[in-house]
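J.: Sharing model28.cif here; it has mmCIF, C-alpha atoms.
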```cif
data_query
#
loop_
_atom_site.group_PDB
_atom_site.id
_atom_site.type_symbol
_atom_site.label_atom_id
_atom_site.label_comp_id
_atom_site.auth_asym_id
_atom_site.auth_seq_id
_atom_site.Cartn_x
_atom_site.Cartn_y
_atom_site.Cartn_z
ATOM 1 C CA MET A 1 173.017 50.324 92.425
ATOM 2 C CA THR A 2 172.217 47.784 89.755
ATOM 3 C CA ASP A 3 169.415 47.654 87.267
ATOM 4 C CA ASP A 4 170.707 45.427 84.533
ATOM 5 C CA GLU A 5 167.416 44.703 82.842
ATOM 6 C CA ARG A 6 167.243 46.899 79.758
ATOM 7 C CA ILE A 7 164.097 48.634 78.672
ATOM 8 C CA ASP A 8 162.819 47.453 75.311
ATOM 9 C CA LEU A 9 162.874 50.606 73.197
ATOM 10 C CA GLY A 10 162.447 48.724 69.929
ATOM 11 C CA ALA A 11 159.286 50.655 69.093
ATOM 12 C CA LEU A 12 161.358 53.850 68.929
ATOM 13 C CA ASP A 13 164.287 52.401 66.976
ATOM 14 C CA PRO A 14 164.595 53.943 63.510
ATOM 15 C CA ALA A 15 166.183 50.717 62.311
ATOM 16 C CA ARG A 16 162.757 49.117 62.596
ATOM 17 C CA ASP A 17 162.040 50.630 59.216
ATOM 18 C CA PRO A 18 165.167 49.951 57.123
ATOM 19 C CA ALA A 19 163.664 51.582 54.047
ATOM 20 C CA ARG A 20 163.117 54.807 55.941
ATOM 21 C CA LEU A 21 166.623 54.687 57.365
ATOM 22 C CA GLU A 22 167.940 54.167 53.857
ATOM 23 C CA ARG A 23 165.973 57.167 52.599
ATOM 24 C CA SER A 24 167.379 59.326 55.380
ATOM 25 C CA ALA A 25 170.947 58.265 54.646
ATOM 26 C CA ARG A 26 170.474 58.940 50.944
ATOM 27 C CA ALA A 27 168.873 62.300 51.619
ATOM 28 C CA ILE A 28 171.873 63.332 53.688
ATOM 29 C CA THR A 29 174.472 62.161 51.180
ATOM 30 C CA ALA A 30 172.515 63.819 48.361
ATOM 31 C CA ARG A 31 172.514 67.142 50.213
ATOM 32 C CA VAL A 32 176.224 66.882 50.944
ATOM 33 C CA ALA A 33 177.183 65.703 47.450
ATOM 34 C CA PRO A 34 177.783 69.199 45.971
ATOM 35 C CA VAL A 35 180.143 70.120 48.811
ATOM 36 C CA LEU A 36 182.082 66.888 48.443
ATOM 37 C CA ALA A 37 182.251 67.346 44.667
ATOM 38 C CA ALA A 38 183.614 70.862 45.181
ATOM 39 C CA ARG A 39 186.293 69.471 47.502
ATOM 40 C CA ARG A 40 187.299 66.865 44.923
ATOM 41 C CA ALA A 41 187.426 69.542 42.239
ATOM 42 C CA GLN A 42 189.560 71.743 44.469
ATOM 43 C CA ARG A 43 192.039 68.924 44.971
ATOM 44 C CA ALA A 44 192.034 68.182 41.259
ATOM 45 C CA ASP A 45 192.734 71.864 40.604
ATOM 46 C CA ALA A 46 195.691 71.757 42.949
ATOM 47 C CA TRP A 47 197.152 68.764 41.088
ATOM 48 C CA ALA A 48 196.460 70.438 37.753
ATOM 49 C CA LEU A 49 198.266 73.532 38.942
ATOM 50 C CA LEU A 50 201.261 71.432 39.966
ATOM 51 C CA ALA A 51 201.196 69.659 36.612
ATOM 52 C CA ALA A 52 201.006 72.958 34.737
ATOM 53 C CA TRP A 53 204.081 74.226 36.569
ATOM 54 C CA ARG A 54 206.009 71.007 36.039
ATOM 55 C CA ARG A 55 207.524 71.931 32.658
ATOM 56 C CA PRO A 56 208.812 75.411 33.549
ATOM 57 C CA VAL A 57 210.133 74.144 36.888
ATOM 58 C CA LEU A 58 211.996 71.308 35.168
ATOM 59 C CA ALA A 59 213.383 73.699 32.536
ATOM 60 C CA ALA A 60 214.592 76.105 35.229
ATOM 61 C CA ALA A 61 216.192 73.252 37.158
ATOM 62 C CA ALA A 62 217.981 72.057 34.008
ATOM 63 C CA ALA A 63 219.265 75.584 33.305
ATOM 64 C CA ILE A 64 220.579 75.863 36.871
ATOM 65 C CA VAL A 65 222.378 72.532 36.514
ATOM 66 C CA VAL A 66 224.024 73.620 33.223
ATOM 67 C CA ILE A 67 225.159 76.965 34.642
ATOM 68 C CA SER A 68 226.528 75.255 37.760
ATOM 69 C CA VAL A 69 228.509 72.704 35.729
ATOM 70 C CA VAL A 70 229.969 75.381 33.448
ATOM 71 C CA THR A 71 230.952 77.502 36.440
ATOM 72 C CA LEU A 72 232.617 74.541 38.134
ATOM 73 C CA VAL A 73 234.530 73.614 34.992
ATOM 74 C CA ARG A 74 235.764 77.140 34.409
ATOM 75 C CA THR A 75 236.753 77.819 38.026
ATOM 76 C CA PRO A 76 240.481 76.948 38.658
ATOM 77 C CA ARG A 77 241.069 74.064 41.007
ATOM 78 C CA PRO A 78 243.058 74.521 44.297
ATOM 79 C CA ALA A 79 246.257 73.083 42.722
ATOM 80 C CA ALA A 80 246.012 75.511 39.858
ATOM 81 C CA ARG A 81 245.432 78.371 42.295
ATOM 82 C CA ALA A 82 248.588 77.382 44.241
ATOM 83 C CA ALA A 83 250.617 77.379 41.048
ATOM 84 C CA THR A 84 249.308 80.825 40.186
ATOM 85 C CA ALA A 85 250.293 82.143 43.616
ATOM 86 C CA ALA A 86 253.808 80.694 43.268
ATOM 87 C CA THR A 87 254.178 82.442 39.939
ATOM 88 C CA VAL A 88 253.156 85.751 41.472
ATOM 89 C CA VAL A 89 255.660 85.374 44.318
ATOM 90 C CA ALA A 90 258.438 84.478 41.918
ATOM 91 C CA THR A 91 257.815 87.473 39.708
ATOM 92 C CA THR A 92 257.240 90.110 42.403
ATOM 93 C CA GLY A 93 259.310 88.840 45.311
ATOM 94 C CA ALA A 94 256.255 89.238 47.410
ATOM 95 C CA SER A 95 257.307 86.307 49.610
ATOM 96 C CA ASN A 96 259.791 88.591 51.478
ATOM 97 C CA THR A 97 257.072 91.054 52.305
ATOM 98 C CA SER A 98 255.534 90.593 55.766
ATOM 99 C CA LEU A 99 251.809 90.733 56.313
ATOM 100 C CA SER A 100 252.126 94.025 58.228
ATOM 101 C CA GLU A 101 254.095 95.573 55.390
ATOM 102 C CA ALA A 102 251.597 94.272 52.915
ATOM 103 C CA ALA A 103 248.935 96.008 54.987
ATOM 104 C CA GLY A 104 250.824 99.291 54.460
ATOM 105 C CA LEU A 105 252.661 99.739 57.796
ATOM 106 C CA PRO A 106 256.131 101.365 57.730
ATOM 107 C CA GLY A 107 258.978 98.833 57.933
ATOM 108 C CA ALA A 108 260.130 99.961 61.409
ATOM 109 C CA VAL A 109 256.620 99.717 62.843
ATOM 110 C CA ALA A 110 256.033 96.420 61.080
ATOM 111 C CA SER A 111 259.035 94.844 62.804
ATOM 112 C CA TYR A 112 257.522 95.617 66.224
ATOM 113 C CA VAL A 113 254.182 94.234 65.120
ATOM 114 C CA GLU A 114 255.767 91.063 63.786
ATOM 115 C CA ALA A 115 257.801 90.582 66.975
ATOM 116 C CA ASP A 116 254.699 91.293 69.100
ATOM 117 C CA VAL A 117 256.821 93.521 71.355
ATOM 118 C CA PRO A 118 255.750 97.072 72.250
ATOM 119 C CA PRO A 119 258.353 99.775 71.542
ATOM 120 C CA SER A 120 259.844 101.763 74.423
ATOM 121 C CA PRO A 121 258.595 105.364 74.885
ATOM 122 C CA SER A 122 261.716 106.825 73.270
ATOM 123 C CA LYS A 123 261.450 104.446 70.301
ATOM 124 C CA THR A 124 257.791 105.416 69.995
ATOM 125 C CA LEU A 125 258.831 109.045 69.644
ATOM 126 C CA ASP A 126 261.401 108.015 67.030
ATOM 127 C CA LEU A 127 258.778 105.979 65.138
ATOM 128 C CA GLN A 128 256.452 108.969 64.997
ATOM 129 C CA GLY A 129 258.933 110.537 62.671
ATOM 130 C CA THR A 130 259.198 107.459 60.514
ATOM 131 C CA PRO A 131 257.629 107.958 57.065
ATOM 132 C CA MET B 1 182.418 50.715 71.243
ATOM 133 C CA ASP B 2 185.021 51.011 68.526
ATOM 134 C CA VAL B 3 186.071 47.415 68.025
ATOM 135 C CA ARG B 4 186.026 47.255 64.253
ATOM 136 C CA ASP B 5 187.936 45.500 61.537
ATOM 137 C CA PRO B 6 190.207 48.310 60.306
ATOM 138 C CA VAL B 7 190.063 47.002 56.748
ATOM 139 C CA THR B 8 186.360 46.455 56.274
ATOM 140 C CA GLU B 9 185.327 49.063 58.842
ATOM 141 C CA PRO B 10 187.851 51.897 58.830
ATOM 142 C CA PRO B 11 187.992 54.046 61.956
ATOM 143 C CA ASP B 12 186.181 57.360 62.076
ATOM 144 C CA ALA B 13 189.445 59.304 61.846
ATOM 145 C CA ASP B 14 190.216 57.738 58.433
ATOM 146 C CA LEU B 15 186.698 58.382 57.211
ATOM 147 C CA VAL B 16 186.826 61.995 58.349
ATOM 148 C CA ALA B 17 190.122 62.444 56.484
ATOM 149 C CA ALA B 18 188.538 60.916 53.392
ATOM 150 C CA VAL B 19 185.497 63.202 53.640
ATOM 151 C CA ARG B 20 187.857 66.158 53.830
ATOM 152 C CA ARG B 21 189.207 65.015 50.472
ATOM 153 C CA GLY B 22 185.658 64.867 49.124
ATOM 154 C CA ASP B 23 185.110 61.106 49.352
ATOM 155 C CA ALA B 24 181.346 60.551 49.089
ATOM 156 C CA ARG B 25 181.574 56.887 50.057
ATOM 157 C CA ALA B 26 183.305 57.731 53.336
ATOM 158 C CA ALA B 27 180.555 60.246 54.058
ATOM 159 C CA ASP B 28 177.951 57.567 53.430
ATOM 160 C CA VAL B 29 179.690 55.169 55.839
ATOM 161 C CA LEU B 30 179.816 57.838 58.540
ATOM 162 C CA VAL B 31 176.124 58.580 58.084
ATOM 163 C CA ARG B 32 175.095 54.950 58.305
ATOM 164 C CA ARG B 33 177.407 54.262 61.218
ATOM 165 C CA HIS B 34 176.232 57.132 63.387
ATOM 166 C CA PHE B 35 172.690 57.876 62.295
ATOM 167 C CA ARG B 36 171.009 55.797 64.966
ATOM 168 C CA SER B 37 172.958 57.195 67.903
ATOM 169 C CA SER B 38 172.454 60.740 66.640
ATOM 170 C CA TYR B 39 168.783 60.009 66.230
ATOM 171 C CA ALA B 40 168.690 58.682 69.787
ATOM 172 C CA VAL B 41 170.189 61.931 71.094
ATOM 173 C CA ALA B 42 167.797 64.039 69.025
ATOM 174 C CA LEU B 43 164.811 61.967 70.068
ATOM 175 C CA ALA B 44 165.850 62.214 73.710
ATOM 176 C CA LEU B 45 165.840 65.996 73.479
ATOM 177 C CA LEU B 46 162.885 66.574 71.166
ATOM 178 C CA GLY B 47 160.576 63.686 72.016
ATOM 179 C CA ASN B 48 159.188 63.641 68.516
ATOM 180 C CA PRO B 49 160.476 61.108 65.961
ATOM 181 C CA MET B 50 159.781 63.322 62.979
ATOM 182 C CA ASP B 51 161.555 66.330 64.470
ATOM 183 C CA ALA B 52 164.385 64.103 65.617
ATOM 184 C CA GLU B 53 164.879 62.789 62.120
ATOM 185 C CA ASP B 54 164.825 66.269 60.578
ATOM 186 C CA VAL B 55 167.333 67.566 63.088
ATOM 187 C CA CYS B 56 169.482 64.509 62.574
ATOM 188 C CA GLN B 57 169.610 65.030 58.825
ATOM 189 C CA ASP B 58 170.399 68.732 59.186
ATOM 190 C CA CYS B 59 173.168 67.983 61.653
ATOM 191 C CA PHE B 60 174.793 65.384 59.439
ATOM 192 C CA VAL B 61 174.741 67.795 56.521
ATOM 193 C CA ARG B 62 176.172 70.543 58.692
ATOM 194 C CA ALA B 63 178.850 68.265 60.152
ATOM 195 C CA LEU B 64 179.947 66.907 56.786
ATOM 196 C CA GLU B 65 180.025 70.375 55.259
ATOM 197 C CA ARG B 66 182.144 71.690 58.134
ATOM 198 C CA ILE B 67 184.242 68.615 58.670
ATOM 199 C CA GLU B 68 187.375 70.800 58.888
ATOM 200 C CA ASP B 69 186.050 72.063 62.220
ATOM 201 C CA CYS B 70 186.241 68.559 63.712
ATOM 202 C CA ARG B 71 189.485 68.906 65.651
ATOM 203 C CA GLN B 72 189.555 65.326 66.947
ATOM 204 C CA PRO B 73 188.512 63.101 64.052
ATOM 205 C CA ASP B 74 188.683 59.976 66.226
ATOM 206 C CA ARG B 75 185.961 61.557 68.372
ATOM 207 C CA PHE B 76 183.790 62.502 65.398
ATOM 208 C CA VAL B 77 180.646 60.993 66.879
ATOM 209 C CA PHE B 78 180.925 63.035 70.089
ATOM 210 C CA TRP B 79 181.387 66.191 68.021
ATOM 211 C CA LEU B 80 178.384 65.223 65.925
ATOM 212 C CA HIS B 81 176.272 64.612 69.020
ATOM 213 C CA GLN B 82 177.158 68.066 70.301
ATOM 214 C CA ILE B 83 175.924 69.547 67.035
ATOM 215 C CA VAL B 84 172.730 67.518 67.415
ATOM 216 C CA ARG B 85 172.237 68.797 70.969
ATOM 217 C CA ASN B 86 172.711 72.417 69.944
ATOM 218 C CA ARG B 87 170.419 72.039 66.963
ATOM 219 C CA ALA B 88 167.785 70.213 69.017
ATOM 220 C CA HIS B 89 167.928 72.944 71.630
ATOM 221 C CA ASN B 90 167.398 75.591 68.942
ATOM 222 C CA ALA B 91 164.561 73.601 67.402
ATOM 223 C CA ARG B 92 162.856 73.324 70.773
ATOM 224 C CA GLU B 93 163.218 77.042 71.374
ATOM 225 C CA TYR B 94 161.905 77.801 67.908
ATOM 226 C CA ARG B 95 158.942 75.517 68.471
ATOM 227 C CA ARG B 96 158.251 77.088 71.839
ATOM 228 C CA VAL B 97 158.391 80.645 70.484
ATOM 229 C CA ARG B 98 156.320 79.855 67.432
ATOM 230 C CA SER B 99 153.936 77.587 69.353
ATOM 231 C CA GLY B 100 152.275 77.015 66.012
ATOM 232 C CA PRO B 101 151.458 73.788 64.306
ATOM 233 C CA SER B 102 154.029 71.066 64.762
ATOM 234 C CA VAL B 103 156.152 69.696 61.967
ATOM 235 C CA ASP B 104 153.899 66.655 61.838
ATOM 236 C CA GLU B 105 150.831 68.769 61.209
ATOM 237 C CA LEU B 106 152.522 70.718 58.454
ATOM 238 C CA ASP B 107 153.882 67.691 56.644
ATOM 239 C CA VAL B 108 151.114 65.206 56.030
ATOM 240 C CA ALA B 109 153.300 62.676 54.224
ATOM 241 C CA GLY B 110 155.935 63.028 56.925
ATOM 242 C CA ALA B 111 153.331 62.589 59.582
ATOM 243 C CA ASP B 112 152.312 59.321 58.001
ATOM 244 C CA ASP B 113 155.909 58.178 58.091
ATOM 245 C CA ALA B 114 156.295 59.305 61.679
ATOM 246 C CA THR B 115 153.192 57.405 62.644
ATOM 247 C CA ARG B 116 154.713 54.365 61.083
ATOM 248 C CA LEU B 117 158.043 55.030 62.764
ATOM 249 C CA VAL B 118 156.601 55.133 66.267
ATOM 250 C CA GLU B 119 154.044 52.414 66.114
ATOM 251 C CA SER B 120 150.504 53.668 66.318
ATOM 252 C CA ASN B 121 149.889 50.912 68.809
ATOM 253 C CA GLU B 122 150.221 51.699 72.448
ATOM 254 C CA THR B 123 153.784 50.524 72.849
ATOM 255 C CA GLY B 124 155.340 53.467 71.028
ATOM 256 C CA ASP B 125 153.010 55.991 72.628
ATOM 257 C CA ARG B 126 153.548 54.608 76.088
ATOM 258 C CA LEU B 127 157.321 54.598 75.638
ATOM 259 C CA ALA B 128 157.281 58.162 74.359
ATOM 260 C CA ALA B 129 155.074 59.282 77.222
ATOM 261 C CA ALA B 130 157.251 57.537 79.793
ATOM 262 C CA LEU B 131 160.409 58.996 78.263
ATOM 263 C CA ALA B 132 158.920 62.457 78.491
ATOM 264 C CA THR B 133 158.879 62.198 82.287
ATOM 265 C CA LEU B 134 162.667 61.700 82.451
ATOM 266 C CA SER B 135 165.306 64.414 82.474
ATOM 267 C CA PRO B 136 167.079 65.116 79.161
ATOM 268 C CA GLU B 137 170.271 63.497 80.512
ATOM 269 C CA GLN B 138 168.384 60.401 81.653
ATOM 270 C CA ARG B 139 166.696 60.103 78.268
ATOM 271 C CA GLN B 140 169.975 60.376 76.394
ATOM 272 C CA VAL B 141 171.699 57.816 78.583
ATOM 273 C CA LEU B 142 168.762 55.431 78.392
ATOM 274 C CA LEU B 143 168.408 55.668 74.621
ATOM 275 C CA LEU B 144 172.136 55.381 73.940
ATOM 276 C CA LYS B 145 172.414 52.415 76.296
ATOM 277 C CA ASP B 146 169.222 50.465 75.682
ATOM 278 C CA MET B 147 168.628 51.315 72.031
ATOM 279 C CA GLU B 148 172.213 51.712 70.784
ATOM 280 C CA ASP B 149 173.988 49.429 73.267
ATOM 281 C CA TRP B 150 176.702 51.985 73.953
ATOM 282 C CA ASP B 151 178.915 51.364 76.974
ATOM 283 C CA HIS B 152 179.097 53.856 79.822
ATOM 284 C CA ARG B 153 182.510 55.091 78.770
ATOM 285 C CA ALA B 154 181.206 56.120 75.359
ATOM 286 C CA ILE B 155 178.039 57.604 76.820
ATOM 287 C CA ALA B 156 180.088 59.592 79.316
ATOM 288 C CA GLY B 157 182.334 60.782 76.478
ATOM 289 C CA SER B 158 179.375 61.915 74.447
ATOM 290 C CA LEU B 159 177.587 63.674 77.275
ATOM 291 C CA GLY B 160 180.676 65.062 78.959
ATOM 292 C CA PHE B 161 180.253 63.588 82.397
ATOM 293 C CA SER B 162 181.726 60.684 84.368
ATOM 294 C CA GLU B 163 180.985 57.013 83.855
ATOM 295 C CA GLY B 164 179.626 56.897 87.396
ATOM 296 C CA MET B 165 177.173 59.649 86.549
ATOM 297 C CA SER B 166 176.179 57.741 83.428
ATOM 298 C CA ARG B 167 175.449 54.626 85.504
ATOM 299 C CA GLN B 168 173.452 56.654 87.980
ATOM 300 C CA HIS B 169 171.367 58.266 85.233
ATOM 301 C CA LEU B 170 170.743 54.857 83.673
ATOM 302 C CA PHE B 171 169.700 53.354 86.982
ATOM 303 C CA ASN B 172 167.246 56.169 87.695
ATOM 304 C CA ALA B 173 165.971 56.251 84.122
ATOM 305 C CA ARG B 174 165.231 52.520 84.035
ATOM 306 C CA ARG B 175 163.527 52.631 87.418
ATOM 307 C CA LEU B 176 161.333 55.581 86.410
ATOM 308 C CA MET B 177 160.529 54.057 83.038
ATOM 309 C CA ARG B 178 159.417 50.815 84.644
ATOM 310 C CA GLU B 179 157.191 52.692 87.056
ATOM 311 C CA ARG B 180 155.592 54.778 84.287
ATOM 312 C CA LEU B 181 155.152 51.810 81.981
ATOM 313 C CA ARG B 182 153.567 49.818 84.793
ATOM 314 C CA GLU B 183 151.167 52.666 85.517
ATOM 315 C CA THR B 184 150.112 52.898 81.888
ATOM 316 C CA ALA B 185 150.075 49.187 81.130
ATOM 317 C CA PRO B 186 146.966 48.181 79.158
ATOM 318 C CA GLU B 187 144.441 46.256 81.183
ATOM 319 C CA ASP B 188 144.110 42.596 80.359
ATOM 320 C CA GLY B 189 140.766 42.198 78.589
ATOM 321 C CA SER B 190 140.805 38.412 78.682
ATOM 322 C CA HIS B 191 138.464 38.275 81.655
ATOM 323 C CA ASP B 192 135.371 38.926 79.561
#
```
So, in terms of structure tokens, how does the structure I just supplied come out?
T.:
Amino acid sequence: MTDDERIDLGALDPARDPARLERSARAITARVAPVLAARRAQRADAWALLAAWRRPVLAAAAAIVVISVVTLVRTPRPAARAATAATVVATTGASNTSLSEAAGLPGAVASYVEADVPPSPSKTLDLQGTP
Amino acid sequence: MDVRDPVTEPPDADLVAAVRRGDARAADVLVRRHFRSSYAVALALLGNPMDAEDVCQDCFVRALERIEDCRQPDRFVFWLHQIVRNRAHNAREYRRVRSGPSVDELDVAGADDATRLVESNETGDRLAAALATLSPEQRQVLLLKDMEDWDHRAIAGSLGFSEGMSRQHLFNARRLMRERLRETAPEDGSHD
């Protein structure tokens, strides 16, 4: 199936009349021009909006930076916190207090908790009477 | 079909992106690049150069206004052709329902231009008459191939069928055109 000889359609080709083709192209671009202009304006508006917000955004960012720096400076460092804890232990003797006791458990109960050993049934009955 | 210098002739996708930003120059390049093929499609469906040109202009305006709807910018021309086909179909229906005077009759200046566009000599008339005997698909394939020099891959992409079908339509269209043109060939008057 081959028919390689093209048909001469030159008489129908709009490019035969370049001036007419030019007029058509210009007519189209002229009709579209308002839409394109609106798109450009819309983009320009978006940039203008960003520009208008630039100053307040920068000011807010600067304020956040200042507050952050002040907070960091005024917050005690880990070494200082350790020293503070040592002072507390020294003054209150809190270092001899177990975690269970610190949580408010009675001393007898706390010893079982610390040792991770369950009390016998009779001891449990005794502990129930422990204040 | 799309072997272009990317610097001097940016691809359609770049131009579509530029038009979306409101670039009038990119719109102009798209119009000039694809006017002829769109005209070929419109002419294939309407058969009338003046109507084809009107439809073509309307479709370009519509396409450029709704460029956001073009989901595959690299296939802009196929999308445009589909708009042309739909618009041409509507124009034909409108013309059929109205069955009033044609656009040419209403627009005297336009009619003059149209007469100039399709030569008043027999060549244009004979071509138009021969084209009218083909199917719409055959006309589109023939015009895109023999007037626009599109390859079958591009034609198939535009029309939404296979390259083989495009070749078959072209073969039949050329054969029928030759037959019609032979039948209507002017007689040689040199014998007198």
J.: Select all residues from chain B having any atom no more than 8 Å from an atom of chain A (counting all atoms listed in the file, ignoring ligands), output as a ChimeraX atom specification.
T.: /B:19-24,27-28,31-32,35-36,39,49,53,57-58,60-61,64-65,117-119,123-124,127,143,146-147,168,171,174-175,177-178
J.: The centre and edge lengths of an axis-aligned box containing all atoms of range 17-35 of chain B present in the file, extended by 6 Å on each side, are to be given in Å to one decimal, as AutoDock Vina command-line options.
T.:
```
--center_x 181.4 --center_y 60.2 --center_z 56.2 --size_x 29.4 --size_y 23.9 --size_z 26.3
```
J.: How far is it from CA of Cys56 in chain B to CA of Ala42 in chain B, in Å with one decimal?
T.: 6.7 Å
J.: Ranking B:Ala129, B:Val84, B:Ala156, B:Gln138 by minimum distance to Ser37 in chain B and counting only C-alpha atoms, which one comes first?
T.: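 Once distances to Ser37 in chain B are computed over only C-alpha atoms, the minimum belongs to B:Val84.
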J.: Record the distance separating CA of Leu46 in chain B and CA of Ala88 in chain B, expressed in Å with one decimal.
T.: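 CA of Ala88 in chain B lies at a distance of 6.5 Å from CA of Leu46 in chain B.
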J.: Using only C-alpha atoms, determine which residues lie at most 10 Å from Ser38 in chain B, disregarding the query and same-chain residues fewer than 5 positions distant; provide the list as a VMD selection string.
T.: chain B and resid 31 33 43 to 44 52 to 53 55 to 57 59 to 60 77 to 78 80 to 85 144 148
J.: If we count only C-alpha atoms and set the cut-off at 12 Å, which residues sit around Tyr112 in chain A, ignoring sequence neighbours fewer than 4 positions away in its own chain? Please answer as a VMD selection string.
T.: chain A and resid 98 100 to 101 105 to 108 116 to 120 123 to 124 127
J.: Would you kindly return, as an MDAnalysis selection string, each protein, DNA or RNA residue with an atom no farther than 8 Å from any atom of Gln72 in chain B, considering only C-alpha atoms and excluding same-chain residues fewer than 3 positions away?
T.: chainID B and resid 13 75:76
J.: Under the PyMOL selection byres ((chain B and resi 131) around 9), which residues of this model are included? Write them out as an NGL selection string.
T.: :B and (44 or 47 or 126-130 or 132-135 or 138-139 or 173 or 176-177 or 180)
J.: Just the selected residues (C-alpha atoms), exported as a PDB file, keeping the file's coordinate frame, please.
T.:
```pdb
ATOM      1  CA  ALA B  44     165.850  62.214  73.710  1.00  0.00           C
ATOM      2  CA  GLY B  47     160.576  63.686  72.016  1.00  0.00           C
ATOM      3  CA  ARG B 126     153.548  54.608  76.088  1.00  0.00           C
ATOM      4  CA  LEU B 127     157.321  54.598  75.638  1.00  0.00           C
ATOM      5  CA  ALA B 128     157.281  58.162  74.359  1.00  0.00           C
ATOM      6  CA  ALA B 129     155.074  59.282  77.222  1.00  0.00           C
ATOM      7  CA  ALA B 130     157.251  57.537  79.793  1.00  0.00           C
ATOM      8  CA  ALA B 132     158.920  62.457  78.491  1.00  0.00           C
ATOM      9  CA  THR B 133     158.879  62.198  82.287  1.00  0.00           C
ATOM     10  CA  LEU B 134     162.667  61.700  82.451  1.00  0.00           C
ATOM     11  CA  SER B 135     165.306  64.414  82.474  1.00  0.00           C
ATOM     12  CA  GLN B 138     168.384  60.401  81.653  1.00  0.00           C
ATOM     13  CA  ARG B 139     166.696  60.103  78.268  1.00  0.00           C
ATOM     14  CA  ALA B 173     165.971  56.251  84.122  1.00  0.00           C
ATOM     15  CA  LEU B 176     161.333  55.581  86.410  1.00  0.00           C
ATOM     16  CA  MET B 177     160.529  54.057  83.038  1.00  0.00           C
ATOM     17  CA  ARG B 180     155.592  54.778  84.287  1.00  0.00           C
TER      18      ARG B 180
END
```
J.: Suppose you want the space between CA of Val16 in chain B and CA of Ser158 in chain B; what is it in Å?
T.: 17.7 Å
J.: Taking into account only C-alpha atoms, which residue in the set B:Asp149, B:Glu9, B:Asp51, B:Glu163 is nearest to Arg92 in chain B?
T.: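 Counting only C-alpha atoms, the residue closest to Arg92 in chain B is B:Asp51.
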